[in-house]
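Down below is the structure, laid out as structure tokens.
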Amino acid sequence: MTRIEQIHAREVFDSRGRPTVEVEIRCAGGRTARAIVPSGASTGEHESVELRDEGEARLDGSGVTRAVSHVRGEIAQALQGADAADQQQIDRVLCELDGTPNKSRLGANAILGVSLAAACAAAEAKNIRLIDHLRDLWRQVPSSTATAAADSAAGQSPTVSHVTPHESFSPLGTGFSLPLPMVNMISGGLHAGGNLDFQDFLILPVGASSYRQALDWIITVYRRLGTLLEQTRRGGRLVGDEGGYGPILESNGAAVEFVVAAIEAAGLAPGDDVAIGLDVASSHFYRDGKYVLSAGAGTELTSEELVGLLESWVDRWPVISIEDGLAENDWDGWKLLTERLSDRVQLIGDDLFVTSRHRLQRGIDSGTANSVLIKLNQIGSLWETLETLRLALDNGYWPVVSARSGETEDSFIADLVVATGAGQIKVGSITRSERLAKYNQLLRLDEQLGDDAAWYGGSLFGRIRRSASTWKEAGE
Ligand code: PGA
Ligand code: ZN
């Protein structure tokens with residue numbers, strides 16, 4: 001029943017009105033499912049390649065008709081009759097057919113569309129929920145030691161020693177769990193028209209006792225923040241690509257001040273109830289070895305100075321999570337950041353690791369970061385994503401399953417994060433339907449699963465959370 005009978009693709013549009021790939025797969029017996037691929041704006045240079053119709057006049061070359069025709073042609077032919085439930089094999093065939101290390105021939109957007117649609121179609125054909133099928137797949141993923149041994153036998157990369165550099169939270173990855181959402185309140189960088197250099201100023205409802213309560217708190221803080229920003233009259237309630245406010249403020253730090261004030265205005269305790277997260281997305285203002293900030297008076301910082309600035313923020317505000325604090329190739333800067341802050345802060349590698357288990361392995365071996373952002377389209381197939389997730393959990397790194405700034409109504413990652421029990425999700429803000437498609441699917445799953453799904457909330461941060469909740473005494 002899970003034998004693939006037909007693969008079809010079409011060009012549709014994402015939340016920024018940019019073309020993207022939708023794939024539809026029909027299995028024997030007639031059950032059909034589809035998936036849509038997301039797209040980033042602050043993409044890492046090491047990401048798999050999103051194939052676009054560059055050089056063509058139509059839609060300024062942003063079309064994806066070449067990727068679509070690869071799915072309809074070569075890929076459909078190669079996977080005719082394949083078993084949609086055998087994700088590892090499907091993704092292996094796709095990678096081999098592409099034949100490049102970064103999926104640049106067929107396009108990671110073509111490959112991921114097929115990979116995800118296969119998983120959805122297999123669930124349909126088996127007549128089970130997507131989360132149940134994803135849990136079946138997750139259980140098939142070998143330990144990262146076994147994967148590394150297979151790599152070295154194939155001469156792909158050296159066998160590595162496994163160190164556990166960071167505190168892990170052992171229940172992660174072991175069963176269904178509802179994720180702690182990390183939610184954008186204020187947007188800057190490449191995602192908004194204001195002046196802020198840092199891309200995301202986020203909140204984490206670490207004190208919430210359920211997913212439902214977490215959402216209630218987030219929405220209340222978002223509303224209070226809107227009221228506070230309106231009073232500035234500079235960008236007020238205008239929003240960026242992910243639905244977070246995109247105001248013009250006097251400095252990057254002022255954005256944190258506003259978020260802390262909004263948490264208090266919501267009647268919640270900064271640190272204990274709701275902590276702060278940042279996505280610095282620093283690769284995008286890294287030029288010739290310097291971090292070039294333009295908000296406020298503007299300044300150029302060395303890696304060490306930027307680490308110092310971030311450390312001073314952690315002393316001053318209840319910051320519990322920092323993503324891409326340093327640029328994607330600044331491994332030395334990252335090492336310093338990790339030495340200085342990994343006891344107090346979740347340090348997430350996004351552009352640094354690009355969901356690649358090889359880059360994450362380098363991070364593990366060199367003691368860099370303690371967390372990894374998991375974006376399906378950075379690596380470009382479901383199986384490879386699951387392997388990276390496994391590697392992270394085996395080594396005590398917190399995984400954060402993430403959407404892209406260009407999103408759609410597809411809610412696959414909501415099922416993925418629950419099925420793998422990864423623990424955290426980052427989907428942008430709490431408005432705009434392409435974001436709510438994920439939050440609402442999580443509400444459905446929460447209701448359907450009841451006691452079968454755990455809620456760890458902020459406890460997954462262990463020691464780190466304790467240091468965020470004492471920020472006030474430390475900072476004053
Ligand atoms: P992107 O942004 O999808 O534009 O890369 C998300 C992020 O940086 O986390
Ligand atoms: Zn990021």
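Each chain of the structure tokens is named A, B, ... in the order shown, its residues numbered from 1; ligands are numbered from 1 in display order.
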Hey, which residues sit close to ligand 2? Say within 7 Å, counting only C-alpha atoms and all ligand atoms, and write them as a PyMOL selection string.
chain A and resi 279+281+323-324+350-351
At a cut-off of 6 Å and counting only C-alpha atoms and all ligand atoms, what residues surround ligand 1? Please answer as a count of residues only.
7
Take CA of Phe285 (chain A) and CA of Ile379 (chain A) and report the distance between them in Å, one decimal.
23.5 Å
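Residue nearest Ser210 (chain A) within the list A:Pro181, A:Pro171, A:Gly226, A:Gly107: A:Pro181 [criterion: smallest interatomic distance, only C-alpha atoms].
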Would you mind listing what lies within 10 Å of region 97-105 of chain A as a list in words, with only C-alpha atoms counted and same-chain residues fewer than 6 positions away left out?
His46, Glu47, Ser48, Val49, Glu50, Leu51, Ala67, His70, Glu74, Ile75, Ala78, Asp91, Ile111, Leu112, Gln378, Ile379, Gly380 and Ser381 of chain A
If you run DSSP on this backbone, which residues of region 154-293 of chain A come out as strand (DSSP E or B), and could you give them as a PyMOL selection string?
chain A and resi 177-178+180-187+200-204+239+245+270+274-279+286-287+290-293
Contacts of Leu301 (chain A) within 9 Å, only C-alpha atoms, excl. fewer than 4 positions in-chain, as a ChimeraX atom specification:
/A:290-293,305-306
Expected file contents, prior selection, N, CA, C and O atoms, as a PDB file, in the first residue's frame:
```
ATOM      1  N   LYS A 290      35.111  41.887  11.077  1.00  0.00           N
ATOM      2  CA  LYS A 290      34.497  42.768  12.089  1.00  0.00           C
ATOM      3  C   LYS A 290      32.981  42.640  12.052  1.00  0.00           C
ATOM      4  O   LYS A 290      32.400  42.398  10.993  1.00  0.00           O
ATOM      5  N   TYR A 291      32.367  42.840  13.218  1.00  0.00           N
ATOM      6  CA  TYR A 291      30.907  42.863  13.305  1.00  0.00           C
ATOM      7  C   TYR A 291      30.462  44.322  13.228  1.00  0.00           C
ATOM      8  O   TYR A 291      30.743  45.118  14.125  1.00  0.00           O
ATOM      9  N   VAL A 292      29.806  44.664  12.125  1.00  0.00           N
ATOM     10  CA  VAL A 292      29.483  46.063  11.844  1.00  0.00           C
ATOM     11  C   VAL A 292      28.024  46.338  12.226  1.00  0.00           C
ATOM     12  O   VAL A 292      27.091  45.916  11.539  1.00  0.00           O
ATOM     13  N   LEU A 293      27.860  47.029  13.357  1.00  0.00           N
ATOM     14  CA  LEU A 293      26.509  47.335  13.857  1.00  0.00           C
ATOM     15  C   LEU A 293      26.116  48.737  13.426  1.00  0.00           C
ATOM     16  O   LEU A 293      26.921  49.667  13.489  1.00  0.00           O
ATOM     17  N   GLU A 305      34.879  41.520  21.405  1.00  0.00           N
ATOM     18  CA  GLU A 305      34.017  42.614  21.889  1.00  0.00           C
ATOM     19  C   GLU A 305      32.538  42.245  21.788  1.00  0.00           C
ATOM     20  O   GLU A 305      31.747  42.582  22.670  1.00  0.00           O
ATOM     21  N   LEU A 306      32.176  41.529  20.707  1.00  0.00           N
ATOM     22  CA  LEU A 306      30.766  41.120  20.585  1.00  0.00           C
ATOM     23  C   LEU A 306      30.411  40.113  21.677  1.00  0.00           C
ATOM     24  O   LEU A 306      29.339  40.184  22.280  1.00  0.00           O
TER      25      LEU A 306
END
```
Can you check which residues of region 315-447 of chain A DSSP gives as alpha helix (DSSP H) on the backbone and send them as a ChimeraX atom specification?
/A:315-316,331-341,357-365,376-379,382-394,412-420,433-447
Might you pull out every residue within 9 Å of region 26-30 of chain A, with only C-alpha atoms counted and same-chain residues fewer than 3 positions away left off, and present them as a PDB file with N, CA, C and O atoms, in the first residue's frame?
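This is the output file around.pdb:
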```pdb
ATOM      1  N   MET A   1       0.811  -1.236   0.000  1.00  0.00           N
ATOM      2  CA  MET A   1       0.000   0.000   0.000  1.00  0.00           C
ATOM      3  C   MET A   1       0.838   1.277   0.000  1.00  0.00           C
ATOM      4  O   MET A   1       0.377   2.333  -0.382  1.00  0.00           O
ATOM      5  N   THR A   2       2.082   1.171   0.492  1.00  0.00           N
ATOM      6  CA  THR A   2       2.916   2.377   0.539  1.00  0.00           C
ATOM      7  C   THR A   2       3.807   2.506  -0.710  1.00  0.00           C
ATOM      8  O   THR A   2       4.715   3.332  -0.747  1.00  0.00           O
ATOM      9  N   ARG A   3       3.518   1.685  -1.726  1.00  0.00           N
ATOM     10  CA  ARG A   3       4.283   1.774  -2.976  1.00  0.00           C
ATOM     11  C   ARG A   3       3.908   3.062  -3.719  1.00  0.00           C
ATOM     12  O   ARG A   3       2.728   3.390  -3.857  1.00  0.00           O
ATOM     13  N   ILE A   4       4.929   3.786  -4.175  1.00  0.00           N
ATOM     14  CA  ILE A   4       4.672   5.062  -4.856  1.00  0.00           C
ATOM     15  C   ILE A   4       4.180   4.821  -6.278  1.00  0.00           C
ATOM     16  O   ILE A   4       4.831   4.129  -7.065  1.00  0.00           O
ATOM     17  N   GLU A   5       3.024   5.403  -6.582  1.00  0.00           N
ATOM     18  CA  GLU A   5       2.434   5.233  -7.901  1.00  0.00           C
ATOM     19  C   GLU A   5       2.644   6.477  -8.769  1.00  0.00           C
ATOM     20  O   GLU A   5       2.881   6.381  -9.962  1.00  0.00           O
ATOM     21  N   GLN A   6       2.543   7.634  -8.128  1.00  0.00           N
ATOM     22  CA  GLN A   6       2.690   8.860  -8.922  1.00  0.00           C
ATOM     23  C   GLN A   6       3.297   9.985  -8.084  1.00  0.00           C
ATOM     24  O   GLN A   6       2.949  10.141  -6.908  1.00  0.00           O
ATOM     25  N   ILE A   7       4.186  10.757  -8.715  1.00  0.00           N
ATOM     26  CA  ILE A   7       4.750  11.944  -8.049  1.00  0.00           C
ATOM     27  C   ILE A   7       4.480  13.154  -8.934  1.00  0.00           C
ATOM     28  O   ILE A   7       4.799  13.141 -10.120  1.00  0.00           O
ATOM     29  N   HIS A   8       3.893  14.163  -8.326  1.00  0.00           N
ATOM     30  CA  HIS A   8       3.585  15.372  -9.081  1.00  0.00           C
ATOM     31  C   HIS A   8       4.110  16.579  -8.297  1.00  0.00           C
ATOM     32  O   HIS A   8       4.180  16.543  -7.075  1.00  0.00           O
ATOM     33  N   ALA A  33      -0.886  12.508  -0.570  1.00  0.00           N
ATOM     34  CA  ALA A  33      -0.539  13.560   0.410  1.00  0.00           C
ATOM     35  C   ALA A  33       0.426  14.528  -0.243  1.00  0.00           C
ATOM     36  O   ALA A  33       1.057  14.206  -1.248  1.00  0.00           O
ATOM     37  N   ARG A  34       0.501  15.718   0.338  1.00  0.00           N
ATOM     38  CA  ARG A  34       1.407  16.698  -0.251  1.00  0.00           C
ATOM     39  C   ARG A  34       2.185  17.446   0.822  1.00  0.00           C
ATOM     40  O   ARG A  34       1.829  17.448   1.991  1.00  0.00           O
ATOM     41  N   GLY A  81       7.391   3.223  -8.019  1.00  0.00           N
ATOM     42  CA  GLY A  81       7.341   1.896  -7.403  1.00  0.00           C
ATOM     43  C   GLY A  81       8.116   1.764  -6.104  1.00  0.00           C
ATOM     44  O   GLY A  81       8.077   0.718  -5.455  1.00  0.00           O
ATOM     45  N   ASP A  83       9.151   2.316  -2.073  1.00  0.00           N
ATOM     46  CA  ASP A  83       8.333   2.247  -0.860  1.00  0.00           C
ATOM     47  C   ASP A  83       8.393   3.591  -0.122  1.00  0.00           C
ATOM     48  O   ASP A  83       9.437   3.953   0.426  1.00  0.00           O
ATOM     49  N   ALA A  84       7.272   4.296  -0.077  1.00  0.00           N
ATOM     50  CA  ALA A  84       7.245   5.622   0.558  1.00  0.00           C
ATOM     51  C   ALA A  84       7.543   5.540   2.049  1.00  0.00           C
ATOM     52  O   ALA A  84       7.959   6.526   2.667  1.00  0.00           O
ATOM     53  N   ALA A 118       6.734  12.133   0.684  1.00  0.00           N
ATOM     54  CA  ALA A 118       6.787  10.670   0.834  1.00  0.00           C
ATOM     55  C   ALA A 118       6.372  10.274   2.247  1.00  0.00           C
ATOM     56  O   ALA A 118       5.591   9.331   2.434  1.00  0.00           O
ATOM     57  N   ALA A 121       2.647  10.811   2.574  1.00  0.00           N
ATOM     58  CA  ALA A 121       1.890   9.820   1.800  1.00  0.00           C
ATOM     59  C   ALA A 121       1.956   8.445   2.463  1.00  0.00           C
ATOM     60  O   ALA A 121       0.973   7.690   2.471  1.00  0.00           O
ATOM     61  N   ALA A 122       3.112   8.120   3.049  1.00  0.00           N
ATOM     62  CA  ALA A 122       3.242   6.821   3.730  1.00  0.00           C
ATOM     63  C   ALA A 122       2.279   6.749   4.911  1.00  0.00           C
ATOM     64  O   ALA A 122       1.621   5.720   5.137  1.00  0.00           O
ATOM     65  N   GLU A 124      -0.527   8.382   5.230  1.00  0.00           N
ATOM     66  CA  GLU A 124      -1.874   8.245   4.646  1.00  0.00           C
ATOM     67  C   GLU A 124      -2.121   6.799   4.232  1.00  0.00           C
ATOM     68  O   GLU A 124      -3.175   6.222   4.521  1.00  0.00           O
ATOM     69  N   ALA A 125      -1.156   6.235   3.516  1.00  0.00           N
ATOM     70  CA  ALA A 125      -1.341   4.883   2.985  1.00  0.00           C
ATOM     71  C   ALA A 125      -1.433   3.851   4.111  1.00  0.00           C
ATOM     72  O   ALA A 125      -2.144   2.855   3.995  1.00  0.00           O
TER      73      ALA A 125
END
```
For Ser187 (chain A), work out the shell of residues within 10 Å, counting only C-alpha atoms and skipping chain neighbours fewer than 2 positions away, then give it as a PDB file with N, CA, C and O atoms, in the first residue's frame.
```pdb
ATOM      1  N   ASN A 184       9.235  34.951  18.419  1.00  0.00           N
ATOM      2  CA  ASN A 184       9.734  36.267  18.030  1.00  0.00           C
ATOM      3  C   ASN A 184       8.763  37.373  18.444  1.00  0.00           C
ATOM      4  O   ASN A 184       7.571  37.311  18.145  1.00  0.00           O
ATOM      5  N   MET A 185       9.273  38.387  19.134  1.00  0.00           N
ATOM      6  CA  MET A 185       8.456  39.549  19.514  1.00  0.00           C
ATOM      7  C   MET A 185       8.836  40.758  18.667  1.00  0.00           C
ATOM      8  O   MET A 185       8.001  41.490  18.190  1.00  0.00           O
ATOM      9  N   GLY A 189      17.350  42.973  11.490  1.00  0.00           N
ATOM     10  CA  GLY A 189      18.187  42.324  10.477  1.00  0.00           C
ATOM     11  C   GLY A 189      17.530  42.266   9.118  1.00  0.00           C
ATOM     12  O   GLY A 189      16.915  43.241   8.665  1.00  0.00           O
ATOM     13  N   LEU A 190      17.635  41.112   8.475  1.00  0.00           N
ATOM     14  CA  LEU A 190      17.103  40.960   7.115  1.00  0.00           C
ATOM     15  C   LEU A 190      15.591  40.706   7.088  1.00  0.00           C
ATOM     16  O   LEU A 190      15.014  40.514   6.029  1.00  0.00           O
ATOM     17  N   HIS A 191      14.955  40.685   8.266  1.00  0.00           N
ATOM     18  CA  HIS A 191      13.529  40.324   8.326  1.00  0.00           C
ATOM     19  C   HIS A 191      12.591  41.503   8.530  1.00  0.00           C
ATOM     20  O   HIS A 191      11.379  41.329   8.558  1.00  0.00           O
ATOM     21  N   ALA A 192      13.112  42.701   8.718  1.00  0.00           N
ATOM     22  CA  ALA A 192      12.226  43.833   9.011  1.00  0.00           C
ATOM     23  C   ALA A 192      12.848  45.118   8.481  1.00  0.00           C
ATOM     24  O   ALA A 192      14.055  45.202   8.266  1.00  0.00           O
ATOM     25  N   GLY A 193      12.002  46.114   8.295  1.00  0.00           N
ATOM     26  CA  GLY A 193      12.476  47.362   7.689  1.00  0.00           C
ATOM     27  C   GLY A 193      13.002  48.382   8.680  1.00  0.00           C
ATOM     28  O   GLY A 193      13.365  49.488   8.294  1.00  0.00           O
ATOM     29  N   GLY A 194      13.027  48.045   9.972  1.00  0.00           N
ATOM     30  CA  GLY A 194      13.522  48.991  10.974  1.00  0.00           C
ATOM     31  C   GLY A 194      15.033  49.080  10.947  1.00  0.00           C
ATOM     32  O   GLY A 194      15.680  48.752   9.945  1.00  0.00           O
ATOM     33  N   ASN A 195      15.614  49.506  12.059  1.00  0.00           N
ATOM     34  CA  ASN A 195      17.063  49.757  12.050  1.00  0.00           C
ATOM     35  C   ASN A 195      17.876  48.748  12.852  1.00  0.00           C
ATOM     36  O   ASN A 195      19.083  48.888  12.956  1.00  0.00           O
ATOM     37  N   LEU A 196      17.207  47.758  13.450  1.00  0.00           N
ATOM     38  CA  LEU A 196      17.933  46.876  14.375  1.00  0.00           C
ATOM     39  C   LEU A 196      18.843  45.900  13.630  1.00  0.00           C
ATOM     40  O   LEU A 196      18.465  45.386  12.570  1.00  0.00           O
ATOM     41  N   ASP A 197      20.011  45.639  14.201  1.00  0.00           N
ATOM     42  CA  ASP A 197      20.955  44.720  13.565  1.00  0.00           C
ATOM     43  C   ASP A 197      20.619  43.270  13.883  1.00  0.00           C
ATOM     44  O   ASP A 197      20.760  42.388  13.041  1.00  0.00           O
ATOM     45  N   PHE A 198      20.209  43.035  15.152  1.00  0.00           N
ATOM     46  CA  PHE A 198      19.933  41.666  15.558  1.00  0.00           C
ATOM     47  C   PHE A 198      18.593  41.248  14.947  1.00  0.00           C
ATOM     48  O   PHE A 198      17.657  42.034  14.887  1.00  0.00           O
ATOM     49  N   GLN A 199      18.503  39.987  14.544  1.00  0.00           N
ATOM     50  CA  GLN A 199      17.340  39.559  13.749  1.00  0.00           C
ATOM     51  C   GLN A 199      16.079  39.281  14.578  1.00  0.00           C
ATOM     52  O   GLN A 199      14.981  39.647  14.167  1.00  0.00           O
ATOM     53  N   ASP A 200      16.256  38.582  15.717  1.00  0.00           N
ATOM     54  CA  ASP A 200      15.079  38.195  16.512  1.00  0.00           C
ATOM     55  C   ASP A 200      15.285  38.513  17.985  1.00  0.00           C
ATOM     56  O   ASP A 200      16.310  38.127  18.565  1.00  0.00           O
ATOM     57  N   PHE A 201      14.274  39.147  18.578  1.00  0.00           N
ATOM     58  CA  PHE A 201      14.199  39.307  20.032  1.00  0.00           C
ATOM     59  C   PHE A 201      13.008  38.457  20.462  1.00  0.00           C
ATOM     60  O   PHE A 201      11.863  38.778  20.130  1.00  0.00           O
ATOM     61  N   LEU A 202      13.314  37.351  21.142  1.00  0.00           N
ATOM     62  CA  LEU A 202      12.280  36.320  21.357  1.00  0.00           C
ATOM     63  C   LEU A 202      11.955  36.143  22.829  1.00  0.00           C
ATOM     64  O   LEU A 202      12.713  36.576  23.698  1.00  0.00           O
ATOM     65  N   VAL A 239       4.881  45.122  11.255  1.00  0.00           N
ATOM     66  CA  VAL A 239       5.556  43.853  11.528  1.00  0.00           C
ATOM     67  C   VAL A 239       6.531  43.451  10.421  1.00  0.00           C
ATOM     68  O   VAL A 239       6.426  43.904   9.282  1.00  0.00           O
ATOM     69  N   GLY A 240       7.456  42.566  10.792  1.00  0.00           N
ATOM     70  CA  GLY A 240       8.440  42.026   9.854  1.00  0.00           C
ATOM     71  C   GLY A 240       7.938  40.737   9.214  1.00  0.00           C
ATOM     72  O   GLY A 240       6.771  40.358   9.347  1.00  0.00           O
ATOM     73  N   ASP A 241       8.845  40.031   8.544  1.00  0.00           N
ATOM     74  CA  ASP A 241       8.485  38.838   7.770  1.00  0.00           C
ATOM     75  C   ASP A 241       7.844  37.728   8.590  1.00  0.00           C
ATOM     76  O   ASP A 241       7.087  36.918   8.067  1.00  0.00           O
ATOM     77  N   GLU A 242       8.202  37.638   9.877  1.00  0.00           N
ATOM     78  CA  GLU A 242       7.705  36.523  10.680  1.00  0.00           C
ATOM     79  C   GLU A 242       6.611  36.962  11.652  1.00  0.00           C
ATOM     80  O   GLU A 242       6.281  36.246  12.593  1.00  0.00           O
ATOM     81  N   GLY A 243       6.067  38.177  11.440  1.00  0.00           N
ATOM     82  CA  GLY A 243       4.965  38.643  12.291  1.00  0.00           C
ATOM     83  C   GLY A 243       5.402  39.344  13.567  1.00  0.00           C
ATOM     84  O   GLY A 243       4.567  39.831  14.323  1.00  0.00           O
ATOM     85  N   GLY A 244       6.715  39.415  13.826  1.00  0.00           N
ATOM     86  CA  GLY A 244       7.205  40.178  14.987  1.00  0.00           C
ATOM     87  C   GLY A 244       7.193  41.665  14.646  1.00  0.00           C
ATOM     88  O   GLY A 244       7.285  42.034  13.470  1.00  0.00           O
ATOM     89  N   TYR A 245       7.083  42.517  15.653  1.00  0.00           N
ATOM     90  CA  TYR A 245       7.102  43.961  15.402  1.00  0.00           C
ATOM     91  C   TYR A 245       8.462  44.372  14.826  1.00  0.00           C
ATOM     92  O   TYR A 245       9.491  43.817  15.205  1.00  0.00           O
ATOM     93  N   GLY A 246       8.418  45.370  13.937  1.00  0.00           N
ATOM     94  CA  GLY A 246       9.666  45.818  13.301  1.00  0.00           C
ATOM     95  C   GLY A 246       9.917  47.291  13.513  1.00  0.00           C
ATOM     96  O   GLY A 246      10.060  48.043  12.545  1.00  0.00           O
ATOM     97  N   PRO A 247      10.003  47.743  14.770  1.00  0.00           N
ATOM     98  CA  PRO A 247      10.114  49.184  15.046  1.00  0.00           C
ATOM     99  C   PRO A 247      11.519  49.730  14.788  1.00  0.00           C
ATOM    100  O   PRO A 247      12.483  48.967  14.684  1.00  0.00           O
ATOM    101  N   ALA A 255      15.484  47.120  22.316  1.00  0.00           N
ATOM    102  CA  ALA A 255      14.480  46.108  21.970  1.00  0.00           C
ATOM    103  C   ALA A 255      14.290  45.135  23.132  1.00  0.00           C
ATOM    104  O   ALA A 255      13.170  44.726  23.449  1.00  0.00           O
ATOM    105  N   ASP A 279      18.144  35.916  18.403  1.00  0.00           N
ATOM    106  CA  ASP A 279      18.841  35.382  17.231  1.00  0.00           C
ATOM    107  C   ASP A 279      19.625  36.550  16.660  1.00  0.00           C
ATOM    108  O   ASP A 279      19.057  37.437  16.013  1.00  0.00           O
ATOM    109  N   GLY A 428       8.841  31.754  14.528  1.00  0.00           N
ATOM    110  CA  GLY A 428       8.573  33.157  14.252  1.00  0.00           C
ATOM    111  C   GLY A 428       7.643  33.702  15.308  1.00  0.00           C
ATOM    112  O   GLY A 428       7.696  33.283  16.461  1.00  0.00           O
ATOM    113  N   SER A 429       6.763  34.624  14.903  1.00  0.00           N
ATOM    114  CA  SER A 429       5.915  35.254  15.912  1.00  0.00           C
ATOM    115  C   SER A 429       4.594  34.524  16.074  1.00  0.00           C
ATOM    116  O   SER A 429       4.420  33.418  15.574  1.00  0.00           O
TER     117      SER A 429
END
```
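Nearest to Val68 (chain A) of all the residues A:Ser209, A:Thr338, A:Gln346, A:Thr20 is A:Thr20, counting only C-alpha atoms.
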Show which residues sit within 9 Å of region 133-140 of chain A, as a PyMOL selection string. Count only C-alpha atoms, and ignore same-chain residues fewer than 2 positions away.
chain A and resi 85-88+119-120+122-123+126+128-131+142+173+175-176+383+386-387+390+415-416+418-420
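The two atoms in question, CA of Asn370 (chain A) and CA of Trp334 (chain A), are spaced 10.7 Å apart.
Separating CA of Arg92 (chain A) from CA of Glu384 (chain A) is a distance of 9.3 Å.
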Nearest to Asn127 (chain A), chosen from A:Leu360, A:Ser282, A:Thr32, A:Ile186, with only C-alpha atoms counted in the distances
A:Thr32
Quick one: which region 340-456 of chain A residues come within 8 Å of region 325-329 of chain A, and what is the nearest atom pair for each with the distance in Å to one decimal, counting only C-alpha atoms, rows ordered by chain and ascending number, as a tab-separated table?
```
residue	atom	partner	partner_atom	distance
A:Leu347	CA	A:Gly325	CA	7.7
A:Asp351	CA	A:Glu328	CA	5.3
A:Leu352	CA	A:Glu328	CA	4.2
A:Phe353	CA	A:Glu328	CA	7.8
```
Keeping N, CA and C atoms for every residue in the selection just given, could you write it to a file as a compact mmCIF listing (two decimals), in the first residue's frame?
```txt
# COMPACT_ATOMS: atom_id res chain seq x y z
N LEU A 347 23.31 28.13 23.58
CA LEU A 347 24.00 28.78 22.46
C LEU A 347 23.71 27.99 21.19
N ASP A 351 23.25 29.23 11.23
CA ASP A 351 24.14 29.31 10.06
C ASP A 351 25.43 28.52 10.29
N LEU A 352 25.83 28.40 11.54
CA LEU A 352 27.06 27.68 11.88
C LEU A 352 26.97 26.20 11.51
N PHE A 353 25.86 25.55 11.84
CA PHE A 353 25.74 24.10 11.64
C PHE A 353 24.90 23.71 10.42
```
